[in-house]
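Enquirer: Dropping in upload_7.tsv, with TSV, C-alpha atoms and all ligand atoms.
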```
chain	number	residue	atom	x	y	z
S	1	MET	CA	0.00	0.00	0.00
S	2	ASN	CA	1.52	3.37	-1.02
S	3	ARG	CA	0.72	6.54	0.84
S	4	GLY	CA	1.69	9.48	-1.31
S	5	ASN	CA	0.81	13.12	-1.77
S	6	MET	CA	-2.64	14.41	-2.44
S	7	PHE	CA	-3.72	13.37	-5.97
S	8	LYS	CA	-5.14	15.72	-8.59
S	9	HIS	CA	-5.72	13.82	-11.88
S	10	ILE	CA	-7.58	10.52	-11.73
S	11	GLY	CA	-8.50	8.15	-14.56
S	12	ILE	CA	-11.40	5.70	-14.30
S	13	LEU	CA	-12.60	2.71	-16.32
S	14	THR	CA	-15.05	-0.16	-16.04
S	15	SER	CA	-13.89	-3.58	-17.21
S	16	GLY	CA	-15.26	-7.12	-17.54
S	17	GLY	CA	-18.96	-7.98	-17.74
S	18	ASP	CA	-21.26	-5.06	-16.98
S	19	CYS	CA	-23.69	-5.12	-14.06
S	20	PRO	CA	-26.21	-2.84	-12.36
S	21	GLY	CA	-24.56	-0.33	-10.03
S	22	LEU	CA	-21.54	0.62	-12.16
S	23	ASN	CA	-22.95	4.07	-12.92
S	24	ALA	CA	-23.78	4.59	-9.26
S	25	ALA	CA	-20.13	3.87	-8.44
S	26	ILE	CA	-18.83	6.22	-11.18
S	27	ARG	CA	-21.19	8.91	-9.88
S	28	GLY	CA	-20.09	8.37	-6.26
S	29	ILE	CA	-16.42	8.60	-7.16
S	30	GLY	CA	-16.92	11.50	-9.55
S	31	LYS	CA	-19.01	13.72	-7.29
S	32	ALA	CA	-16.78	13.19	-4.25
S	33	ALA	CA	-13.57	13.51	-6.28
S	34	ARG	CA	-14.57	16.86	-7.72
S	35	ASP	CA	-15.96	18.34	-4.56
S	36	PRO	CA	-14.78	18.18	-1.74
S	37	PHE	CA	-11.51	16.60	-2.89
S	38	LYS	CA	-10.84	18.89	-5.89
S	39	MET	CA	-9.63	16.11	-8.19
S	40	GLU	CA	-10.12	16.02	-11.96
S	41	LEU	CA	-11.68	12.82	-13.26
S	42	ILE	CA	-11.28	11.47	-16.77
S	43	GLY	CA	-13.12	8.39	-18.05
S	44	PHE	CA	-11.61	5.80	-20.40
S	45	ARG	CA	-13.98	4.00	-22.75
S	46	ASP	CA	-14.50	0.26	-23.05
S	47	GLY	CA	-12.20	-0.99	-20.32
S	48	PHE	CA	-8.44	-1.20	-20.79
S	49	ARG	CA	-8.88	-0.76	-24.56
S	50	GLY	CA	-9.75	2.91	-23.97
S	51	LEU	CA	-6.36	3.42	-22.38
S	52	VAL	CA	-4.60	1.75	-25.30
S	53	HIS	CA	-6.35	3.90	-27.91
S	54	ASP	CA	-6.61	6.94	-25.62
S	55	ARG	CA	-10.37	7.13	-26.02
S	56	THR	CA	-11.73	9.28	-23.22
S	57	ILE	CA	-14.92	10.77	-21.78
S	58	PRO	CA	-14.51	13.98	-19.77
S	59	LEU	CA	-16.56	13.33	-16.64
S	60	GLU	CA	-18.04	16.79	-16.24
S	61	PRO	CA	-20.71	17.28	-13.51
S	62	ALA	CA	-23.49	16.98	-16.13
S	63	MET	CA	-22.26	13.49	-17.07
S	64	LEU	CA	-22.58	12.39	-13.46
S	65	SER	CA	-26.15	13.56	-13.02
S	66	GLY	CA	-29.14	11.30	-13.59
S	67	ILE	CA	-27.10	8.09	-13.80
S	68	LEU	CA	-27.54	6.71	-10.28
S	69	THR	CA	-30.45	4.51	-11.26
S	70	ASN	CA	-29.25	3.48	-14.74
S	71	GLY	CA	-27.98	-0.03	-15.49
S	72	GLY	CA	-24.87	-0.68	-17.60
S	73	THR	CA	-21.94	1.73	-17.61
S	74	ILE	CA	-21.66	5.15	-19.24
S	75	LEU	CA	-17.97	4.35	-19.87
S	76	GLY	CA	-18.62	1.13	-21.78
S	77	THR	CA	-16.73	-2.04	-20.94
S	78	SER	CA	-14.85	-4.95	-22.48
S	79	ARG	CA	-13.04	-8.09	-21.43
S	80	ASP	CA	-9.74	-6.92	-22.98
S	81	LYS	CA	-6.59	-7.63	-21.01
S	82	PRO	CA	-3.69	-5.13	-21.18
S	83	HIS	CA	-1.11	-7.86	-21.77
S	84	GLN	CA	-3.10	-9.91	-24.33
S	85	MET	CA	-5.14	-7.55	-26.45
S	86	PRO	CA	-6.45	-8.37	-29.93
S	87	ILE	CA	-5.03	-5.57	-32.09
S	88	GLY	CA	-5.15	-5.72	-35.90
S	89	GLY	CA	-5.67	-9.49	-35.99
S	90	GLU	CA	-2.85	-10.21	-33.51
S	91	ILE	CA	-2.74	-10.68	-29.74
S	92	ARG	CA	-0.36	-8.08	-28.34
S	93	ASP	CA	0.95	-6.90	-25.00
S	94	MET	CA	-0.28	-3.30	-24.84
S	95	THR	CA	0.93	-2.49	-21.32
S	96	GLY	CA	3.46	-0.01	-22.73
S	97	SER	CA	0.74	1.98	-24.57
S	98	ILE	CA	-1.36	2.06	-21.41
S	99	VAL	CA	1.56	3.46	-19.40
S	100	GLU	CA	2.10	6.10	-22.12
S	101	THR	CA	-1.57	7.18	-22.02
S	102	TYR	CA	-1.45	7.35	-18.23
S	103	LYS	CA	1.57	9.63	-18.43
S	104	ARG	CA	0.17	11.70	-21.32
S	105	HIS	CA	-2.82	12.63	-19.14
S	106	HIS	CA	-0.56	13.27	-16.13
S	107	LEU	CA	-2.64	10.83	-14.11
S	108	ASP	CA	-1.86	10.40	-10.44
S	109	ALA	CA	-3.97	7.26	-10.20
S	110	LEU	CA	-6.25	4.96	-12.19
S	111	ILE	CA	-9.49	3.49	-10.80
S	112	CYS	CA	-10.56	0.15	-12.30
S	113	ILE	CA	-14.05	-1.05	-11.46
S	114	GLY	CA	-14.25	-4.73	-12.29
S	115	GLY	CA	-14.43	-8.39	-11.39
S	116	GLY	CA	-11.81	-11.07	-10.88
S	117	GLY	CA	-10.08	-10.53	-14.24
S	118	THR	CA	-9.89	-6.79	-13.63
S	119	GLN	CA	-8.19	-7.30	-10.27
S	120	LYS	CA	-5.47	-9.33	-12.02
S	121	ASN	CA	-5.08	-6.75	-14.78
S	122	ALA	CA	-4.93	-3.94	-12.24
S	123	LEU	CA	-2.15	-5.72	-10.39
S	124	ARG	CA	-0.21	-6.07	-13.66
S	125	LEU	CA	-0.54	-2.31	-14.19
S	126	LYS	CA	0.56	-1.68	-10.65
S	127	GLU	CA	3.63	-3.81	-11.36
S	128	ALA	CA	4.20	-1.69	-14.47
S	129	GLY	CA	4.47	1.34	-12.19
S	130	LEU	CA	0.93	2.81	-12.22
S	131	ASN	CA	-0.98	3.89	-9.11
S	132	VAL	CA	-4.09	1.74	-9.26
S	133	VAL	CA	-7.18	1.38	-7.08
S	134	THR	CA	-10.00	-1.08	-7.80
S	135	LEU	CA	-13.62	-1.50	-6.81
S	136	PRO	CA	-15.20	-4.98	-6.77
S	137	LYS	CA	-18.14	-5.61	-9.10
S	138	THR	CA	-19.62	-8.83	-10.38
S	139	ILE	CA	-22.98	-10.51	-10.19
S	140	ASP	CA	-21.05	-13.71	-9.39
S	141	ASN	CA	-19.93	-12.27	-6.00
S	142	ASP	CA	-16.73	-14.32	-6.22
S	143	ILE	CA	-14.11	-11.64	-5.54
S	144	MET	CA	-11.80	-12.48	-2.66
S	145	GLY	CA	-11.56	-10.11	0.29
S	146	THR	CA	-14.89	-8.31	0.04
S	147	ASP	CA	-18.16	-9.30	1.72
S	148	VAL	CA	-20.09	-8.47	-1.40
S	149	SER	CA	-19.56	-7.00	-4.86
S	150	ILE	CA	-21.52	-4.37	-6.77
S	151	GLY	CA	-24.25	-5.96	-8.93
S	152	PHE	CA	-24.78	-9.09	-6.86
S	153	ASP	CA	-27.81	-7.92	-4.90
S	154	THR	CA	-29.64	-6.82	-8.06
S	155	ALA	CA	-28.91	-10.11	-9.80
S	156	VAL	CA	-30.15	-12.08	-6.76
S	157	GLY	CA	-33.35	-10.01	-6.90
S	158	ILE	CA	-33.87	-10.66	-10.61
S	159	ALA	CA	-33.18	-14.39	-10.32
S	160	THR	CA	-35.41	-14.67	-7.23
S	161	GLU	CA	-38.27	-12.95	-9.02
S	162	ALA	CA	-37.83	-15.39	-11.92
S	163	VAL	CA	-37.97	-18.36	-9.53
S	164	ASP	CA	-41.11	-16.88	-7.92
S	165	ARG	CA	-42.79	-16.50	-11.29
S	166	LEU	CA	-41.79	-19.97	-12.43
S	167	HIS	CA	-43.39	-21.48	-9.33
S	168	SER	CA	-46.93	-20.65	-10.43
S	169	THR	CA	-46.52	-22.06	-13.92
S	170	ALA	CA	-44.67	-25.15	-12.64
S	171	THR	CA	-47.50	-25.80	-10.14
S	172	SER	CA	-50.24	-25.29	-12.72
S	173	HIS	CA	-48.69	-27.81	-15.13
S	174	ASN	CA	-47.21	-30.24	-12.59
S	175	ARG	CA	-43.82	-29.73	-14.21
S	176	ILE	CA	-40.19	-29.67	-13.27
S	177	ILE	CA	-38.75	-26.30	-14.21
S	178	VAL	CA	-34.98	-26.03	-14.40
S	179	VAL	CA	-33.69	-22.45	-14.11
S	180	GLU	CA	-30.13	-21.74	-15.20
S	181	VAL	CA	-28.53	-18.74	-13.52
S	182	MET	CA	-25.09	-17.23	-14.15
S	183	GLY	CA	-21.99	-18.35	-12.25
S	184	HIS	CA	-19.31	-20.46	-13.94
S	185	ARG	CA	-17.08	-21.05	-10.95
S	186	ALA	CA	-19.07	-19.71	-8.00
S	187	GLY	CA	-22.57	-20.69	-6.90
S	188	TRP	CA	-23.46	-17.63	-4.79
S	189	LEU	CA	-26.13	-16.37	-7.16
S	190	ALA	CA	-27.78	-19.79	-7.56
S	191	LEU	CA	-27.59	-20.44	-3.82
S	192	CYS	CA	-29.01	-17.08	-2.73
S	193	ALA	CA	-31.73	-16.85	-5.40
S	194	GLY	CA	-32.54	-20.53	-4.88
S	195	VAL	CA	-32.96	-20.17	-1.12
S	196	ALA	CA	-34.81	-16.84	-1.42
S	197	GLY	CA	-37.14	-18.30	-4.05
S	198	GLY	CA	-37.69	-21.58	-2.22
S	199	ALA	CA	-36.15	-23.79	-4.94
S	200	ASP	CA	-36.47	-27.53	-4.31
S	201	VAL	CA	-33.07	-28.36	-5.79
S	202	ILE	CA	-29.99	-26.10	-6.08
S	203	LEU	CA	-26.94	-27.21	-8.06
S	204	ILE	CA	-23.74	-25.19	-7.73
S	205	PRO	CA	-20.18	-25.65	-9.06
S	206	GLU	CA	-18.79	-26.11	-5.54
S	207	ILE	CA	-20.92	-29.23	-4.92
S	208	PRO	CA	-20.65	-31.87	-7.67
S	209	TYR	CA	-24.06	-33.48	-8.03
S	210	ASP	CA	-25.41	-36.96	-8.57
S	211	LEU	CA	-28.41	-36.72	-10.91
S	212	SER	CA	-30.02	-39.86	-9.54
S	213	ARG	CA	-30.17	-38.16	-6.11
S	214	VAL	CA	-31.85	-35.14	-7.70
S	215	ALA	CA	-34.39	-37.41	-9.41
S	216	ASP	CA	-34.98	-39.28	-6.12
S	217	SER	CA	-35.76	-36.04	-4.30
S	218	ILE	CA	-38.21	-35.00	-7.04
S	219	ARG	CA	-39.92	-38.41	-6.91
S	220	ASP	CA	-40.14	-38.09	-3.10
S	221	ARG	CA	-41.87	-34.75	-3.55
S	222	ALA	CA	-44.35	-36.28	-5.98
S	223	ARG	CA	-45.07	-39.10	-3.50
S	224	ALA	CA	-45.76	-36.40	-0.89
S	225	GLY	CA	-48.30	-34.83	-3.26
S	226	LYS	CA	-46.07	-32.07	-4.67
S	227	HIS	CA	-46.14	-32.64	-8.40
S	228	PHE	CA	-43.90	-29.75	-9.42
S	229	SER	CA	-40.28	-28.91	-8.66
S	230	ILE	CA	-38.02	-25.93	-9.22
S	231	VAL	CA	-34.38	-26.77	-9.88
S	232	VAL	CA	-31.96	-23.81	-9.81
S	233	VAL	CA	-28.70	-24.59	-11.59
S	234	ALA	CA	-25.59	-22.40	-11.75
S	235	GLU	CA	-24.17	-22.45	-15.28
S	236	GLY	CA	-20.94	-24.03	-13.99
S	237	ALA	CA	-22.57	-26.80	-11.94
S	238	MET	CA	-21.16	-30.24	-12.78
S	239	SER	CA	-22.05	-33.83	-12.11
S	240	VAL	CA	-19.66	-36.01	-10.11
S	241	GLU	CA	-18.78	-37.86	-13.35
S	242	ASP	CA	-17.97	-34.65	-15.25
S	243	VAL	CA	-15.81	-33.37	-12.40
S	244	GLY	CA	-13.90	-36.69	-12.55
S	245	LEU	CA	-13.48	-36.31	-16.30
S	246	VAL	CA	-12.15	-32.74	-15.97
S	247	GLN	CA	-9.71	-33.81	-13.26
S	248	LYS	CA	-8.50	-36.71	-15.43
S	249	MET	CA	-8.01	-34.41	-18.42
S	250	LEU	CA	-6.19	-31.81	-16.33
S	251	ALA	CA	-3.89	-34.53	-14.95
S	252	GLU	CA	-3.22	-35.74	-18.53
S	253	LYS	CA	-2.46	-32.18	-19.61
S	254	ASN	CA	-0.04	-31.68	-16.72
S	255	ALA	CA	1.65	-35.03	-17.35
S	256	ALA	CA	1.92	-34.53	-21.15
S	257	LYS	CA	5.57	-34.51	-22.20
S	258	SER	CA	5.38	-33.49	-25.84
S	259	LYS	CA	3.80	-30.31	-27.25
S	260	THR	CA	1.46	-32.49	-29.35
S	261	ASP	CA	0.14	-34.34	-26.28
S	262	LYS	CA	-0.34	-31.06	-24.39
S	263	LYS	CA	-2.25	-29.60	-27.35
S	264	LYS	CA	-4.42	-32.72	-27.60
S	265	ALA	CA	-5.24	-32.57	-23.87
S	266	SER	CA	-6.08	-28.84	-24.13
S	267	GLU	CA	-8.37	-29.52	-27.09
S	268	GLN	CA	-10.17	-32.26	-25.18
S	269	LEU	CA	-10.73	-29.85	-22.29
S	270	LYS	CA	-12.02	-27.19	-24.67
S	271	GLU	CA	-14.41	-29.72	-26.20
S	272	LEU	CA	-15.71	-30.64	-22.75
S	273	HIS	CA	-16.20	-26.96	-22.00
S	274	GLN	CA	-18.16	-26.51	-25.26
S	275	ARG	CA	-20.35	-29.49	-24.42
S	276	HIS	CA	-20.95	-28.00	-20.98
S	277	LEU	CA	-22.69	-25.02	-22.60
S	278	GLU	CA	-25.67	-27.31	-23.22
S	279	HIS	CA	-25.38	-28.93	-19.83
S	280	THR	CA	-28.67	-27.64	-18.37
S	281	LEU	CA	-30.59	-28.69	-21.47
S	282	ARG	CA	-29.31	-32.25	-21.16
S	283	LEU	CA	-29.93	-32.16	-17.40
S	284	THR	CA	-33.57	-31.10	-18.01
S	285	GLU	CA	-34.10	-33.91	-20.54
S	286	ARG	CA	-32.53	-36.50	-18.26
S	287	LEU	CA	-34.63	-35.39	-15.29
S	288	GLU	CA	-37.74	-35.80	-17.43
S	289	SER	CA	-36.80	-39.33	-18.40
S	290	LEU	CA	-35.68	-40.30	-14.88
S	291	THR	CA	-38.82	-38.99	-13.14
S	292	GLY	CA	-41.41	-39.33	-15.91
S	293	GLN	CA	-42.43	-35.75	-15.11
S	294	GLU	CA	-42.69	-33.17	-17.88
S	295	SER	CA	-39.77	-30.73	-17.67
S	296	ARG	CA	-38.91	-27.29	-19.04
S	297	LEU	CA	-35.76	-25.18	-19.04
S	298	THR	CA	-35.46	-21.40	-18.50
S	299	ILE	CA	-32.05	-19.76	-19.01
S	300	LEU	CA	-31.97	-16.33	-17.38
S	301	GLY	CA	-28.69	-15.28	-19.03
S	302	HIS	CA	-27.92	-11.58	-19.38
S	303	LEU	CA	-31.28	-10.53	-17.94
S	304	GLN	CA	-29.46	-10.93	-14.62
S	305	ARG	CA	-26.97	-8.22	-15.59
S	306	GLY	CA	-29.37	-5.69	-17.08
S	307	GLY	CA	-31.57	-2.89	-15.85
S	308	THR	CA	-31.78	-0.67	-12.85
S	309	PRO	CA	-29.69	-1.47	-9.75
S	310	SER	CA	-31.40	-2.42	-6.49
S	311	ALA	CA	-31.38	0.04	-3.58
S	312	ALA	CA	-28.74	-2.11	-1.86
S	313	ASP	CA	-26.46	-1.93	-4.93
S	314	ARG	CA	-26.92	1.83	-5.23
S	315	LEU	CA	-25.96	2.20	-1.59
S	316	LEU	CA	-22.96	-0.13	-1.89
S	317	ALA	CA	-21.71	1.51	-5.09
S	318	THR	CA	-22.14	5.01	-3.69
S	319	ARG	CA	-20.38	4.13	-0.45
S	320	LEU	CA	-17.53	2.29	-2.20
S	321	GLY	CA	-17.20	5.10	-4.73
S	322	THR	CA	-17.06	7.94	-2.23
S	323	HIS	CA	-14.68	5.96	-0.02
S	324	CYS	CA	-12.47	5.43	-3.05
S	325	ALA	CA	-12.29	9.20	-3.65
S	326	GLU	CA	-11.49	9.73	0.02
S	327	LEU	CA	-8.65	7.17	-0.01
S	328	LEU	CA	-7.22	8.64	-3.19
S	329	SER	CA	-7.26	12.10	-1.62
S	330	GLN	CA	-4.99	10.58	1.04
S	331	GLY	CA	-2.74	9.07	-1.65
S	332	VAL	CA	-3.64	5.44	-0.97
S	333	THR	CA	-3.18	3.15	-4.00
S	334	GLY	CA	-2.36	-0.45	-4.87
S	335	VAL	CA	-5.54	-1.71	-3.21
S	336	MET	CA	-9.06	-2.95	-3.84
S	337	ILE	CA	-11.66	-1.22	-1.71
S	338	ALA	CA	-13.53	-4.04	-0.05
S	339	ALA	CA	-16.91	-3.92	1.67
S	340	ARG	CA	-16.68	-5.18	5.25
S	341	GLY	CA	-19.91	-5.07	7.19
S	342	ASP	CA	-21.00	-1.43	7.37
S	343	SER	CA	-17.45	-0.32	6.73
S	344	PHE	CA	-14.68	-0.73	4.16
S	345	ALA	CA	-11.15	-1.98	4.01
S	346	PRO	CA	-8.37	-1.31	1.49
S	347	VAL	CA	-7.01	-4.76	0.58
S	348	PRO	CA	-3.64	-5.01	-1.24
S	349	LEU	CA	-4.22	-6.13	-4.85
S	350	GLU	CA	-1.77	-8.99	-4.32
S	351	GLU	CA	-4.21	-10.52	-1.82
S	352	VAL	CA	-7.12	-10.38	-4.26
S	353	ALA	CA	-5.75	-10.99	-7.76
S	354	GLY	CA	-5.99	-14.56	-9.06
S	355	LYS	CA	-8.09	-15.74	-6.11
S	356	LYS	CA	-11.75	-16.73	-6.01
S	357	ASN	CA	-14.29	-16.51	-3.24
S	358	LEU	CA	-16.27	-19.74	-3.66
S	359	VAL	CA	-19.14	-21.03	-1.52
S	360	PRO	CA	-17.41	-22.88	1.37
S	361	PRO	CA	-18.82	-26.34	2.18
S	362	ASP	CA	-19.70	-25.20	5.72
S	363	HIS	CA	-21.46	-21.97	4.75
S	364	PRO	CA	-24.44	-21.37	7.08
S	365	LEU	CA	-26.78	-20.74	4.13
S	366	LEU	CA	-26.12	-24.28	2.84
S	367	GLN	CA	-27.07	-25.62	6.25
S	368	SER	CA	-30.26	-23.50	6.39
S	369	ALA	CA	-31.20	-24.65	2.90
S	370	ARG	CA	-30.73	-28.29	3.85
S	371	LEU	CA	-32.84	-27.75	6.96
S	372	VAL	CA	-35.75	-26.48	4.86
S	373	GLY	CA	-35.43	-29.54	2.64
S	374	THR	CA	-33.43	-28.23	-0.34
S	375	ASN	CA	-31.59	-30.93	-2.25
S	376	PHE	CA	-28.06	-30.25	-3.55
S	377	GLY	CA	-27.79	-33.39	-5.65
S	378	MET	CA	-25.89	-35.39	-3.07
S	401	LIG	O1	-19.57	-11.06	-15.31
S	401	LIG	C1	-19.77	-12.33	-14.82
S	401	LIG	C2	-20.65	-13.12	-15.77
S	401	LIG	O2	-21.93	-12.54	-15.82
S	401	LIG	C3	-20.73	-14.60	-15.42
S	401	LIG	O3	-21.71	-14.90	-14.47
S	401	LIG	C4	-21.04	-15.19	-16.76
S	401	LIG	O4	-20.62	-16.53	-16.79
S	401	LIG	C5	-20.25	-14.34	-17.71
S	401	LIG	O5	-20.10	-13.10	-17.06
S	401	LIG	C6	-20.86	-14.13	-19.06
S	401	LIG	O6	-19.99	-13.36	-19.81
S	401	LIG	P1	-20.32	-12.64	-21.18
S	401	LIG	O7	-21.27	-11.51	-20.90
S	401	LIG	O8	-19.01	-12.16	-21.66
S	401	LIG	O9	-20.96	-13.67	-22.05
```
Represent the structure contained in this file as structure tokens.
Expert:
Amino acid sequence: MNRGNMFKHIGILTSGGDCPGLNAAIRGIGKAARDPFKMELIGFRDGFRGLVHDRTIPLEPAMLSGILTNGGTILGTSRDKPHQMPIGGEIRDMTGSIVETYKRHHLDALICIGGGGTQKNALRLKEAGLNVVTLPKTIDNDIMGTDVSIGFDTAVGIATEAVDRLHSTATSHNRIIVVEVMGHRAGWLALCAGVAGGADVILIPEIPYDLSRVADSIRDRARAGKHFSIVVVAEGAMSVEDVGLVQKMLAEKNAAKSKTDKKKASEQLKELHQRHLEHTLRLTERLESLTGQESRLTILGHLQRGGTPSAADRLLATRLGTHCAELLSQGVTGVMIAARGDSFAPVPLEEVAGKKNLVPPDHPLLQSARLVGTNFGM
């Protein structure tokens, strides 16, 4: 953590997948930075790409008004990485151009609002000599070191409402309805929306499932007179067999001696990943044949990332944003500003980058869910 002089010129970008609450954070930072802290704020468009091409948005007061409640990001975003950016048909390391842009604008610090990938990229820029501060955002809520990330609460609300709505149609038709929610590696969204919506089965990446156990629990429900079931599935949930297959392939890849064998193992893994994209469709079909109950699939997809942020996300983004401006006014950089209870903590980027906050097996919410009869496929 560096403590330097008071900063004057600050750059800001949003990077990675968008989510509700980004504009609230930009507004919080911008308003506090300008007054009382007398800092100039300049926005870079479309994530790290904006720094490479020096594409900016001057964040005048008018730009910061009326955006608190808007979804998306006025700065635009992308998943571009500074060190591996597609430029003119090639993948290039553009860190040097980013450093040049930073210097050209006489920036004292750069704020990156983003998810797990952004934390890693921010650390790389820190290592390249830039003063960087990050804010955690992702509907997946899987960033290490923070209680919660911007966008998560809204996504939980959207997914919960979907589960609520699917209940009435599932009941009317005596169907199984499988709902796929986002979350490749972390099951927070599926777990929270599943528990809040009273799902009967919740499948998350952290708990490999056995489909026959899921089918058993649905048949038990039918025997008890409940002829519908809601199954919430995180997009990265995997069966015990698939987890075994991935582990075997990873071991083969690590053990491969020749380049050809390594390439073959990587291609097999890629193929498995491609097949996984249709995982919930196959799961729905198999549940239908195992239980004999008509089944339907709903994929919520990017609906979970769109639209107006919840009140909780507006509050979190505003508080994180203003705190960010405050810390910068004190010259603090090299950190992610984490939410901790009602307060905040600057966490060194080294402690966040490359790490994931997954649902721990002993999380109290898992226990509560089990106690109300939720099945996790085991
Ligand atoms: O930003 C996180 C996330 O929404 C994940 O939950 C999801 O797997 C992924 O992004 C989708 O990414 P994209 O919008 O690039 O398809």
Enquirer: Once you count all atoms listed in the file, which residues end up within 12 Å of ligand LIG 401 (chain S), and could you hand them over as a VMD selection string?
Expert: chain S and resid 14 to 20 72 77 to 80 114 to 118 136 to 143 149 to 152 155 to 156 180 to 190 205 234 to 237 277 300 to 306
Enquirer: Looking at S:Lys126, S:Lys81, S:Arg286, S:His227, which one is nearest to Asp93 of chain S, with distances taken over all atoms listed in the file?
Expert: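 Using all atoms listed in the file, the shortest distance to Asp93 of chain S belongs to S:Lys81.
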Enquirer: Under the rule that only C-alpha atoms are counted, which of S:Asp362, S:Glu326, S:Asp261, S:Asp220 is the nearest residue to Ala32 of chain S?
Expert: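 Under the stated criterion, the closest residue is S:Glu326.
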Enquirer: Counting all atoms listed in the file, what is within 6 Å of Met6 of chain S, bar same-chain residues fewer than 6 positions away, as JSON, numbers by chain?
Expert: {"S": [329, 330, 331]}
Enquirer: Counting all atoms listed in the file, which of S:Leu75, S:Met144, S:Arg275, S:Val214 gets nearest to Asn357 of chain S?
Expert: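 Ranking S:Leu75, S:Met144, S:Arg275, S:Val214 by distance to Asn357 of chain S, first place goes to S:Met144.
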Enquirer: Out of S:Thr154, S:Ser229, S:Ser172, S:Gln274, which residue has the shortest atom-to-atom distance to Ala193 of chain S when counting all atoms listed in the file?
Expert: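 Selected residue with least distance to Ala193 of chain S: S:Thr154.
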Enquirer: So what do you get for atom CA of Tyr102 of chain S versus atom CA of Ile12 of chain S, distance-wise?
Expert: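 Computing it gives 10.8 Å between the two atoms.
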Enquirer: Considering all atoms listed in the file, return as a list in words whatever protein or nucleic-acid residues lie within 12 Å of Glu100 of chain S, sequence-local ones (same chain, fewer than 4 positions apart) excluded.
Expert: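 My reading of the contact set: Leu51, Val52, His53, Asp54, Met94, Thr95, Gly96, Arg104, His105, His106, Leu107, Leu125, Ala128, Gly129 and Leu130 of chain S.
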Enquirer: Now that the selection is made, can you save its residues with C-alpha atoms as a CSV table (one decimal), keeping the file's coordinate frame?
Expert:
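Result written to out-v1.csv:
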```csv
chain,number,residue,atom,x,y,z
S,51,LEU,CA,-6.4,3.4,-22.4
S,52,VAL,CA,-4.6,1.8,-25.3
S,53,HIS,CA,-6.4,3.9,-27.9
S,54,ASP,CA,-6.6,6.9,-25.6
S,94,MET,CA,-0.3,-3.3,-24.8
S,95,THR,CA,0.9,-2.5,-21.3
S,96,GLY,CA,3.5,0.0,-22.7
S,104,ARG,CA,0.2,11.7,-21.3
S,105,HIS,CA,-2.8,12.6,-19.1
S,106,HIS,CA,-0.6,13.3,-16.1
S,107,LEU,CA,-2.6,10.8,-14.1
S,125,LEU,CA,-0.5,-2.3,-14.2
S,128,ALA,CA,4.2,-1.7,-14.5
S,129,GLY,CA,4.5,1.3,-12.2
S,130,LEU,CA,0.9,2.8,-12.2
```
Enquirer: I'd like the interatomic distance between atom CA of Ala353 of chain S and atom CA of Ile337 of chain S, to a tenth of an Å.
Expert: 12.9 Å
Enquirer: So, counting only C-alpha atoms, which residue among S:Ser310, S:Ser212, S:Ser65, S:Thr56 is closest to Ser289 of chain S?
Expert: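 Among the listed residues, the smallest separation from Ser289 of chain S belongs to S:Ser212.
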Enquirer: What is the atom CA of Gly321 of chain S to atom CA of Val99 of chain S distance in Å?
Expert: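 Separating atom CA of Gly321 of chain S from atom CA of Val99 of chain S is a distance of 23.9 Å.
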Enquirer: Find the residues around Pro364 of chain S up to 12 Å (all atoms listed in the file counted), leave out those fewer than 6 positions away in its own chain, and share them as a ChimeraX atom specification.
Expert: /S:191-192,195,370-371
Enquirer: Can you write just those residues out, C-alpha atoms, as a PDB file, keeping the file's coordinate frame?
Expert:
```
ATOM      1  CA  LEU S 191     -27.590 -20.440  -3.820  1.00  0.00           C
ATOM      2  CA  CYS S 192     -29.010 -17.080  -2.730  1.00  0.00           C
ATOM      3  CA  VAL S 195     -32.960 -20.170  -1.120  1.00  0.00           C
ATOM      4  CA  ARG S 370     -30.730 -28.290   3.850  1.00  0.00           C
ATOM      5  CA  LEU S 371     -32.840 -27.750   6.960  1.00  0.00           C
TER       6      LEU S 371
END
```
Enquirer: Within 7 Å of Thr284 of chain S, counting all atoms listed in the file, which residues qualify if same-chain residues fewer than 5 places away don't, as a JSON list (two decimals) with C-alpha atoms, in the coordinates of the input?
Expert:
```json
[["chain", "number", "residue", "atom", "x", "y", "z"],
["S", 178, "VAL", "CA", -34.98, -26.03, -14.40],
["S", 295, "SER", "CA", -39.77, -30.73, -17.67],
["S", 296, "ARG", "CA", -38.91, -27.29, -19.04],
["S", 297, "LEU", "CA", -35.76, -25.18, -19.04]]
```
Enquirer: Pick from S:Asn174, S:Thr308, S:Asn375, S:Gln367: nearest to Leu22 of chain S, with all atoms listed in the file counted?
Expert: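 Among the listed residues, S:Thr308 lies closest to Leu22 of chain S.
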Enquirer: Name the residues in contact with segment 199-203 of chain S at a cut-off of 6 Å, using all atoms listed in the file, excluding same-chain residues fewer than 2 positions from it; report them as a list of chain:residue names.
Expert: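 Skipping anything fewer than 2 positions along the chain leaves S:Gly194, S:Gly197, S:Ser229, S:Ile230, S:Val231, S:Val232, S:Val233, S:Ala237, S:Thr374, S:Asn375, S:Phe376.
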